[in-house]
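Visitor: Sharing start13.txt here; it has compact mmCIF, N, CA, C and O atoms.
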```txt
# COMPACT_ATOMS: atom_id res chain seq x y z
N MET A 26 14.77 -14.26 -15.72
CA MET A 26 14.59 -13.52 -14.49
C MET A 26 13.49 -12.49 -14.71
O MET A 26 13.50 -11.76 -15.69
N THR A 27 12.56 -12.41 -13.80
CA THR A 27 11.47 -11.44 -13.91
C THR A 27 11.62 -10.38 -12.83
O THR A 27 12.15 -10.63 -11.76
N VAL A 28 11.14 -9.19 -13.12
CA VAL A 28 11.17 -8.09 -12.18
C VAL A 28 9.74 -7.86 -11.70
O VAL A 28 8.83 -7.72 -12.50
N ARG A 29 9.57 -7.85 -10.41
CA ARG A 29 8.24 -7.63 -9.84
C ARG A 29 8.15 -6.22 -9.29
O ARG A 29 9.07 -5.73 -8.64
N ALA A 30 7.03 -5.59 -9.54
CA ALA A 30 6.85 -4.21 -9.09
C ALA A 30 6.55 -4.14 -7.60
O ALA A 30 6.88 -3.18 -6.94
N PHE A 31 5.93 -5.16 -7.05
CA PHE A 31 5.52 -5.16 -5.66
C PHE A 31 5.91 -6.48 -5.04
O PHE A 31 6.06 -7.48 -5.74
N PRO A 32 6.07 -6.53 -3.73
CA PRO A 32 6.41 -7.81 -3.11
C PRO A 32 5.26 -8.81 -3.27
O PRO A 32 4.09 -8.43 -3.28
N PRO A 33 5.58 -10.08 -3.43
CA PRO A 33 4.53 -11.07 -3.68
C PRO A 33 3.76 -11.42 -2.41
O PRO A 33 4.08 -12.37 -1.71
N THR A 34 2.76 -10.64 -2.10
CA THR A 34 1.92 -10.92 -0.94
C THR A 34 0.46 -10.81 -1.36
O THR A 34 0.12 -10.06 -2.27
N ARG A 35 -0.36 -11.56 -0.70
CA ARG A 35 -1.80 -11.50 -0.99
C ARG A 35 -2.59 -11.09 0.23
O ARG A 35 -3.79 -11.23 0.27
N GLU A 36 -1.90 -10.60 1.24
CA GLU A 36 -2.55 -10.22 2.48
C GLU A 36 -2.89 -8.73 2.46
O GLU A 36 -2.13 -7.92 1.94
N GLU A 37 -3.99 -8.40 3.06
CA GLU A 37 -4.38 -7.00 3.21
C GLU A 37 -3.51 -6.38 4.31
O GLU A 37 -3.04 -7.08 5.20
N PRO A 38 -3.28 -5.07 4.27
CA PRO A 38 -2.53 -4.45 5.36
C PRO A 38 -3.31 -4.54 6.66
O PRO A 38 -4.54 -4.52 6.68
N LYS A 39 -2.58 -4.66 7.75
CA LYS A 39 -3.21 -4.80 9.06
C LYS A 39 -3.86 -3.48 9.48
O LYS A 39 -3.31 -2.42 9.29
N LYS A 40 -5.02 -3.58 10.08
CA LYS A 40 -5.76 -2.39 10.48
C LYS A 40 -5.28 -1.88 11.85
O LYS A 40 -5.69 -0.81 12.28
N ARG A 41 -4.41 -2.62 12.53
CA ARG A 41 -3.92 -2.17 13.82
C ARG A 41 -3.09 -0.89 13.69
O ARG A 41 -2.95 -0.14 14.63
N LEU A 42 -2.55 -0.65 12.52
CA LEU A 42 -1.76 0.55 12.28
C LEU A 42 -2.60 1.82 12.48
O LEU A 42 -2.07 2.86 12.87
N LEU A 43 -3.88 1.70 12.24
CA LEU A 43 -4.77 2.86 12.40
C LEU A 43 -5.00 3.25 13.85
O LEU A 43 -5.53 4.32 14.13
N LEU A 44 -4.60 2.40 14.79
CA LEU A 44 -4.80 2.70 16.21
C LEU A 44 -3.72 3.62 16.78
O LEU A 44 -3.89 4.16 17.87
N ILE A 45 -2.60 3.80 16.08
CA ILE A 45 -1.51 4.62 16.61
C ILE A 45 -1.95 6.05 16.90
O ILE A 45 -1.74 6.56 18.01
N PRO A 46 -2.59 6.76 15.96
CA PRO A 46 -3.02 8.13 16.29
C PRO A 46 -4.07 8.18 17.40
O PRO A 46 -4.05 9.09 18.23
N VAL A 47 -4.94 7.20 17.44
CA VAL A 47 -5.98 7.19 18.48
C VAL A 47 -5.35 7.04 19.85
O VAL A 47 -5.71 7.75 20.81
N VAL A 48 -4.38 6.15 19.97
CA VAL A 48 -3.69 5.95 21.25
C VAL A 48 -2.94 7.22 21.64
O VAL A 48 -2.96 7.63 22.82
N LEU A 49 -2.28 7.86 20.68
CA LEU A 49 -1.57 9.10 20.99
C LEU A 49 -2.52 10.21 21.44
O LEU A 49 -2.23 10.94 22.40
N ILE A 50 -3.64 10.34 20.77
CA ILE A 50 -4.59 11.41 21.12
C ILE A 50 -5.17 11.19 22.51
O ILE A 50 -5.16 12.09 23.36
N PHE A 51 -5.65 9.98 22.78
CA PHE A 51 -6.26 9.73 24.09
C PHE A 51 -5.22 9.66 25.20
O PHE A 51 -5.48 10.05 26.34
N GLY A 52 -4.02 9.19 24.87
CA GLY A 52 -2.95 9.19 25.88
C GLY A 52 -2.55 10.61 26.25
O GLY A 52 -2.34 10.93 27.42
N GLY A 53 -2.45 11.47 25.25
CA GLY A 53 -2.14 12.88 25.53
C GLY A 53 -3.23 13.57 26.31
O GLY A 53 -2.96 14.36 27.22
N MET A 54 -4.48 13.28 25.96
CA MET A 54 -5.60 13.87 26.72
C MET A 54 -5.59 13.37 28.16
O MET A 54 -5.86 14.14 29.09
N GLY A 55 -5.26 12.10 28.34
CA GLY A 55 -5.18 11.55 29.69
C GLY A 55 -4.09 12.22 30.51
O GLY A 55 -4.27 12.50 31.70
N LEU A 56 -2.95 12.47 29.88
CA LEU A 56 -1.86 13.14 30.60
C LEU A 56 -2.23 14.58 30.97
O LEU A 56 -1.85 15.07 32.04
N THR A 57 -2.97 15.27 30.09
CA THR A 57 -3.35 16.65 30.42
C THR A 57 -4.35 16.70 31.57
O THR A 57 -4.35 17.66 32.34
N MET A 58 -5.17 15.70 31.71
CA MET A 58 -6.15 15.67 32.79
C MET A 58 -5.60 15.05 34.07
O MET A 58 -6.18 15.25 35.14
N LEU A 59 -4.49 14.35 33.97
CA LEU A 59 -3.96 13.62 35.12
C LEU A 59 -3.32 14.55 36.13
O LEU A 59 -3.63 14.48 37.33
N HIS A 60 -2.44 15.42 35.68
CA HIS A 60 -1.71 16.29 36.60
C HIS A 60 -1.37 17.59 35.87
O HIS A 60 -1.03 17.57 34.69
N PRO A 61 -1.43 18.72 36.58
CA PRO A 61 -1.13 20.00 35.90
C PRO A 61 0.31 20.08 35.36
O PRO A 61 0.57 20.79 34.40
N ALA A 62 1.25 19.38 35.96
CA ALA A 62 2.64 19.43 35.50
C ALA A 62 2.81 18.69 34.17
O ALA A 62 3.78 18.92 33.45
N LEU A 63 1.88 17.80 33.84
CA LEU A 63 1.98 16.99 32.62
C LEU A 63 1.18 17.57 31.46
O LEU A 63 1.09 16.94 30.41
N ARG A 64 0.61 18.76 31.64
CA ARG A 64 -0.25 19.33 30.59
C ARG A 64 0.52 19.63 29.31
O ARG A 64 0.03 19.38 28.22
N LEU A 65 1.72 20.17 29.41
CA LEU A 65 2.48 20.51 28.21
C LEU A 65 2.86 19.25 27.43
O LEU A 65 2.65 19.18 26.22
N ILE A 66 3.37 18.26 28.14
CA ILE A 66 3.75 17.01 27.47
C ILE A 66 2.52 16.31 26.90
O ILE A 66 2.55 15.79 25.79
N GLY A 67 1.43 16.30 27.64
CA GLY A 67 0.19 15.70 27.15
C GLY A 67 -0.35 16.40 25.92
O GLY A 67 -0.82 15.76 24.98
N SER A 68 -0.26 17.73 25.91
CA SER A 68 -0.72 18.49 24.73
C SER A 68 0.14 18.18 23.52
O SER A 68 -0.38 18.02 22.41
N ILE A 69 1.44 18.08 23.72
CA ILE A 69 2.34 17.77 22.61
C ILE A 69 2.06 16.37 22.06
O ILE A 69 2.01 16.16 20.84
N ILE A 70 1.84 15.42 22.95
CA ILE A 70 1.54 14.04 22.51
C ILE A 70 0.21 13.98 21.77
O ILE A 70 0.07 13.32 20.74
N ALA A 71 -0.80 14.71 22.29
CA ALA A 71 -2.11 14.72 21.62
C ALA A 71 -2.01 15.38 20.24
O ALA A 71 -2.60 14.88 19.27
N LEU A 72 -1.26 16.46 20.12
CA LEU A 72 -1.10 17.11 18.82
C LEU A 72 -0.29 16.24 17.86
O LEU A 72 -0.54 16.23 16.65
N THR A 73 0.65 15.49 18.41
CA THR A 73 1.39 14.53 17.58
C THR A 73 0.44 13.47 17.03
O THR A 73 0.54 13.06 15.88
N GLY A 74 -0.50 13.03 17.85
CA GLY A 74 -1.50 12.06 17.39
C GLY A 74 -2.38 12.63 16.30
O GLY A 74 -2.69 11.95 15.32
N VAL A 75 -2.75 13.90 16.44
CA VAL A 75 -3.59 14.53 15.42
C VAL A 75 -2.83 14.64 14.10
O VAL A 75 -3.37 14.35 13.02
N LEU A 76 -1.57 15.03 14.16
CA LEU A 76 -0.78 15.15 12.94
C LEU A 76 -0.45 13.78 12.33
O LEU A 76 -0.33 13.65 11.11
N SER A 77 -0.31 12.76 13.16
CA SER A 77 0.01 11.44 12.63
C SER A 77 -1.19 10.76 11.96
O SER A 77 -1.01 9.77 11.27
N VAL A 78 -2.38 11.30 12.15
CA VAL A 78 -3.55 10.77 11.45
C VAL A 78 -3.31 10.83 9.95
O VAL A 78 -3.57 9.86 9.22
N PHE A 79 -2.76 11.92 9.47
CA PHE A 79 -2.52 12.07 8.04
C PHE A 79 -1.41 11.14 7.57
O PHE A 79 -1.53 10.51 6.52
N LEU A 80 -0.32 11.06 8.34
CA LEU A 80 0.79 10.21 7.95
C LEU A 80 0.39 8.74 7.94
O LEU A 80 0.65 8.02 6.98
N VAL A 81 -0.28 8.29 8.98
CA VAL A 81 -0.71 6.89 9.05
C VAL A 81 -1.75 6.61 7.96
O VAL A 81 -1.72 5.56 7.34
N GLY A 82 -2.62 7.57 7.70
CA GLY A 82 -3.60 7.38 6.63
C GLY A 82 -2.95 7.22 5.28
O GLY A 82 -3.35 6.38 4.47
N MET A 83 -1.90 7.99 5.02
CA MET A 83 -1.20 7.86 3.74
C MET A 83 -0.48 6.53 3.63
O MET A 83 -0.46 5.90 2.57
N VAL A 84 0.11 6.07 4.73
CA VAL A 84 0.82 4.78 4.72
C VAL A 84 -0.17 3.65 4.48
O VAL A 84 0.07 2.75 3.68
N VAL A 85 -1.30 3.69 5.17
CA VAL A 85 -2.30 2.63 4.99
C VAL A 85 -2.86 2.67 3.57
O VAL A 85 -3.05 1.62 2.95
N ALA A 86 -3.10 3.85 3.03
CA ALA A 86 -3.61 3.95 1.66
C ALA A 86 -2.59 3.40 0.67
O ALA A 86 -2.96 2.69 -0.29
N ASP A 87 -1.31 3.66 0.89
CA ASP A 87 -0.26 3.15 0.01
C ASP A 87 -0.17 1.63 0.11
O ASP A 87 -0.07 0.94 -0.92
N LEU A 88 -0.22 1.09 1.32
CA LEU A 88 -0.19 -0.37 1.48
C LEU A 88 -1.41 -1.03 0.85
O LEU A 88 -1.32 -2.10 0.25
N TRP A 89 -2.56 -0.40 0.99
CA TRP A 89 -3.79 -0.96 0.43
C TRP A 89 -3.72 -0.96 -1.09
O TRP A 89 -4.08 -1.95 -1.75
N ALA A 90 -3.22 0.14 -1.67
CA ALA A 90 -3.10 0.21 -3.13
C ALA A 90 -2.08 -0.80 -3.65
O ALA A 90 -2.31 -1.46 -4.68
N ALA A 91 -0.97 -0.97 -2.93
CA ALA A 91 0.03 -1.95 -3.34
C ALA A 91 -0.52 -3.37 -3.24
O ALA A 91 -0.24 -4.21 -4.09
N SER A 92 -1.31 -3.62 -2.22
CA SER A 92 -1.92 -4.95 -2.06
C SER A 92 -2.88 -5.24 -3.20
O SER A 92 -2.87 -6.35 -3.77
N ARG A 93 -3.71 -4.25 -3.56
CA ARG A 93 -4.65 -4.45 -4.67
C ARG A 93 -3.92 -4.65 -5.98
O ARG A 93 -4.28 -5.50 -6.79
N ARG A 94 -2.85 -3.88 -6.21
CA ARG A 94 -2.08 -3.99 -7.45
C ARG A 94 -1.39 -5.35 -7.53
O ARG A 94 -1.35 -5.97 -8.60
N THR A 95 -0.86 -5.83 -6.41
CA THR A 95 -0.20 -7.12 -6.39
C THR A 95 -1.20 -8.23 -6.70
O THR A 95 -0.89 -9.16 -7.47
N ARG A 96 -2.39 -8.14 -6.11
CA ARG A 96 -3.41 -9.16 -6.39
C ARG A 96 -3.82 -9.13 -7.85
O ARG A 96 -4.00 -10.18 -8.49
N SER A 97 -3.95 -7.92 -8.44
CA SER A 97 -4.35 -7.85 -9.85
C SER A 97 -3.24 -8.37 -10.76
O SER A 97 -3.51 -9.03 -11.75
N LEU A 98 -1.97 -8.08 -10.42
CA LEU A 98 -0.86 -8.61 -11.21
C LEU A 98 -0.79 -10.13 -11.13
O LEU A 98 -0.55 -10.80 -12.13
N ALA A 99 -1.02 -10.68 -9.92
CA ALA A 99 -1.01 -12.13 -9.77
C ALA A 99 -2.16 -12.75 -10.55
O ALA A 99 -2.00 -13.81 -11.18
N ARG A 100 -3.32 -12.10 -10.54
CA ARG A 100 -4.46 -12.61 -11.28
C ARG A 100 -4.20 -12.59 -12.78
O ARG A 100 -4.49 -13.55 -13.49
N GLU A 101 -3.60 -11.49 -13.27
CA GLU A 101 -3.26 -11.40 -14.69
C GLU A 101 -2.20 -12.43 -15.08
O GLU A 101 -2.26 -13.00 -16.15
N ARG A 102 -1.24 -12.65 -14.19
CA ARG A 102 -0.21 -13.64 -14.46
C ARG A 102 -0.81 -15.04 -14.53
O ARG A 102 -0.45 -15.84 -15.40
N ASP A 103 -1.74 -15.34 -13.63
CA ASP A 103 -2.39 -16.65 -13.66
C ASP A 103 -3.21 -16.84 -14.93
O ASP A 103 -3.20 -17.90 -15.54
N VAL A 104 -3.92 -15.79 -15.34
CA VAL A 104 -4.70 -15.86 -16.57
C VAL A 104 -3.77 -15.99 -17.77
O VAL A 104 -4.03 -16.76 -18.69
N GLY A 105 -2.65 -15.27 -17.76
CA GLY A 105 -1.68 -15.36 -18.85
C GLY A 105 -1.06 -16.74 -18.94
O GLY A 105 -0.78 -17.23 -20.04
N ALA A 106 -0.83 -17.38 -17.79
CA ALA A 106 -0.27 -18.73 -17.81
C ALA A 106 -1.26 -19.71 -18.41
O ALA A 106 -0.88 -20.62 -19.15
N VAL A 107 -2.54 -19.51 -18.14
CA VAL A 107 -3.56 -20.39 -18.71
C VAL A 107 -3.64 -20.17 -20.22
O VAL A 107 -3.73 -21.12 -21.00
N LEU A 108 -3.58 -18.90 -20.65
CA LEU A 108 -3.65 -18.61 -22.08
C LEU A 108 -2.42 -19.14 -22.82
O LEU A 108 -2.53 -19.64 -23.93
N SER A 109 -1.24 -19.01 -22.21
CA SER A 109 -0.04 -19.50 -22.88
C SER A 109 -0.02 -21.02 -22.93
O SER A 109 0.57 -21.60 -23.84
N ALA A 110 -0.67 -21.66 -21.98
CA ALA A 110 -0.77 -23.12 -22.01
C ALA A 110 -1.67 -23.57 -23.17
O ALA A 110 -1.50 -24.66 -23.71
N GLU A 111 -2.59 -22.70 -23.57
CA GLU A 111 -3.48 -23.04 -24.68
C GLU A 111 -2.85 -22.69 -26.03
O GLU A 111 -3.43 -22.95 -27.07
N GLY A 112 -1.68 -22.07 -26.05
CA GLY A 112 -1.00 -21.75 -27.29
C GLY A 112 -1.21 -20.33 -27.77
O GLY A 112 -0.83 -19.98 -28.86
N VAL A 113 -1.78 -19.46 -26.95
CA VAL A 113 -2.01 -18.07 -27.33
C VAL A 113 -0.80 -17.26 -26.85
O VAL A 113 -0.32 -17.43 -25.74
N GLU A 114 -0.31 -16.38 -27.72
CA GLU A 114 0.82 -15.53 -27.35
C GLU A 114 0.37 -14.54 -26.28
O GLU A 114 -0.68 -13.91 -26.39
N THR A 115 1.20 -14.35 -25.25
CA THR A 115 0.85 -13.41 -24.19
C THR A 115 1.56 -12.07 -24.34
O THR A 115 1.12 -11.08 -23.81
N ASP A 116 2.68 -12.03 -25.09
CA ASP A 116 3.43 -10.78 -25.25
C ASP A 116 3.16 -10.20 -26.63
O ASP A 116 3.64 -10.73 -27.63
N PRO A 117 2.40 -9.11 -26.72
CA PRO A 117 2.08 -8.56 -28.04
C PRO A 117 3.28 -7.89 -28.71
O PRO A 117 3.28 -7.67 -29.91
N PHE A 118 4.34 -7.56 -27.97
CA PHE A 118 5.49 -6.88 -28.53
C PHE A 118 6.65 -7.83 -28.85
O PHE A 118 7.72 -7.40 -29.22
N GLU A 119 6.44 -9.11 -28.70
CA GLU A 119 7.52 -10.07 -28.90
C GLU A 119 8.00 -10.09 -30.35
O GLU A 119 9.19 -10.16 -30.61
N ASP A 120 7.09 -10.02 -31.30
CA ASP A 120 7.48 -10.05 -32.70
C ASP A 120 8.08 -8.73 -33.16
O ASP A 120 8.81 -8.68 -34.15
N ALA A 121 7.81 -7.62 -32.46
CA ALA A 121 8.25 -6.31 -32.89
C ALA A 121 9.64 -5.96 -32.39
O ALA A 121 10.15 -4.90 -32.70
N VAL A 122 10.29 -6.82 -31.63
CA VAL A 122 11.62 -6.52 -31.11
C VAL A 122 12.62 -6.53 -32.26
O VAL A 122 12.70 -7.46 -33.04
N GLY A 123 13.37 -5.46 -32.38
CA GLY A 123 14.38 -5.38 -33.42
C GLY A 123 13.86 -4.83 -34.73
O GLY A 123 14.63 -4.52 -35.63
N GLU A 124 12.60 -4.71 -34.91
CA GLU A 124 12.02 -4.19 -36.13
C GLU A 124 11.75 -2.70 -35.96
O GLU A 124 11.40 -2.24 -34.89
N ARG A 125 11.91 -1.96 -37.01
CA ARG A 125 11.61 -0.55 -36.97
C ARG A 125 10.14 -0.35 -37.29
O ARG A 125 9.61 -0.99 -38.19
N PRO A 126 9.47 0.56 -36.59
CA PRO A 126 8.06 0.80 -36.91
C PRO A 126 7.93 1.46 -38.27
O PRO A 126 8.76 2.28 -38.68
N SER A 127 6.92 1.09 -38.96
CA SER A 127 6.69 1.67 -40.30
C SER A 127 6.02 3.02 -40.16
O SER A 127 5.22 3.25 -39.27
N ASP A 128 6.37 3.93 -41.05
CA ASP A 128 5.78 5.27 -41.02
C ASP A 128 4.58 5.29 -41.98
O ASP A 128 4.69 5.61 -43.12
N GLU A 129 3.46 4.94 -41.45
CA GLU A 129 2.24 4.90 -42.27
C GLU A 129 1.30 5.98 -41.87
O GLU A 129 1.18 6.41 -40.83
```
Could I get this structure in the form of structure tokens?
Guide:
Amino acid sequence: MTVRAFPPTREEPKKRLLLIPVVLIFGGMGLTMLHPALRLIGSIIALTGVLSVFLVGMVVADLWAASRRTRSLARERDVGAVLSAEGVETDPFEDAVGERPSDE
């Protein structure tokens, strides 16, 4: 049984997620210009959009980093499978299990 650090996907994160703050900002601006009674709610929605820029940016950056890491792990695994098929050991610590390190 193997443990994977990231879900096995090779797809980039969708860029539609970046539209959420833009829609909130312009929707809030539209509400403030539409009717004077909607100015407070429109301002709150627009400020929510401004603050969500940072949150959405962090989520997209995290998904992008996880996607790159997953692709690099898959690439290393594929290379390791080719090397092990040729008879080269892939685990450098396999022989050291159970042995005490020497104090040199």
Visitor: May I ask for the distance between atom N of Ser92 in chain A and atom N of Val75 in chain A, given in Å to one decimal place?
Guide: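 Computed distance, atom N of Ser92 in chain A to atom N of Val75 in chain A, equals 25.6 Å.
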Visitor: Return the single residue from A:Ala91, A:Val47, A:Met54, A:Ala99 that is closest to Ile66 in chain A, with distances computed using all atoms listed in the file.
Guide: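 Of all the options, A:Met54 lies closest to Ile66 in chain A.
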Visitor: Give me, please, the distance in Å between atom C of Gly74 in chain A and atom C of Ile50 in chain A, quoted to one decimal.
Guide: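 Calculated distance between atom C of Gly74 in chain A and atom C of Ile50 in chain A is 7.0 Å.
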Visitor: Given the point (-0.7, 14.7, 30.7) in the file's coordinates, find the residues that have an atom at most 12 Å from it, counting only C-alpha atoms, and give them as a list in words.
Guide: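 The answer, in the requested form, is Leu49, Ile50, Phe51, Gly52, Gly53, Met54, Gly55, Leu56, Thr57, Met58, Leu59, His60, Pro61, Ala62, Leu63, Arg64, Leu65, Ile66, Gly67, Ser68, Ile69, Ile70 and Ala71 of chain A.
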Visitor: Between CA of Leu72 in chain A and atom N of Val48 in chain A, what is the spacing in Å?
Guide: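 Distance between the two atoms: 11.5 Å.
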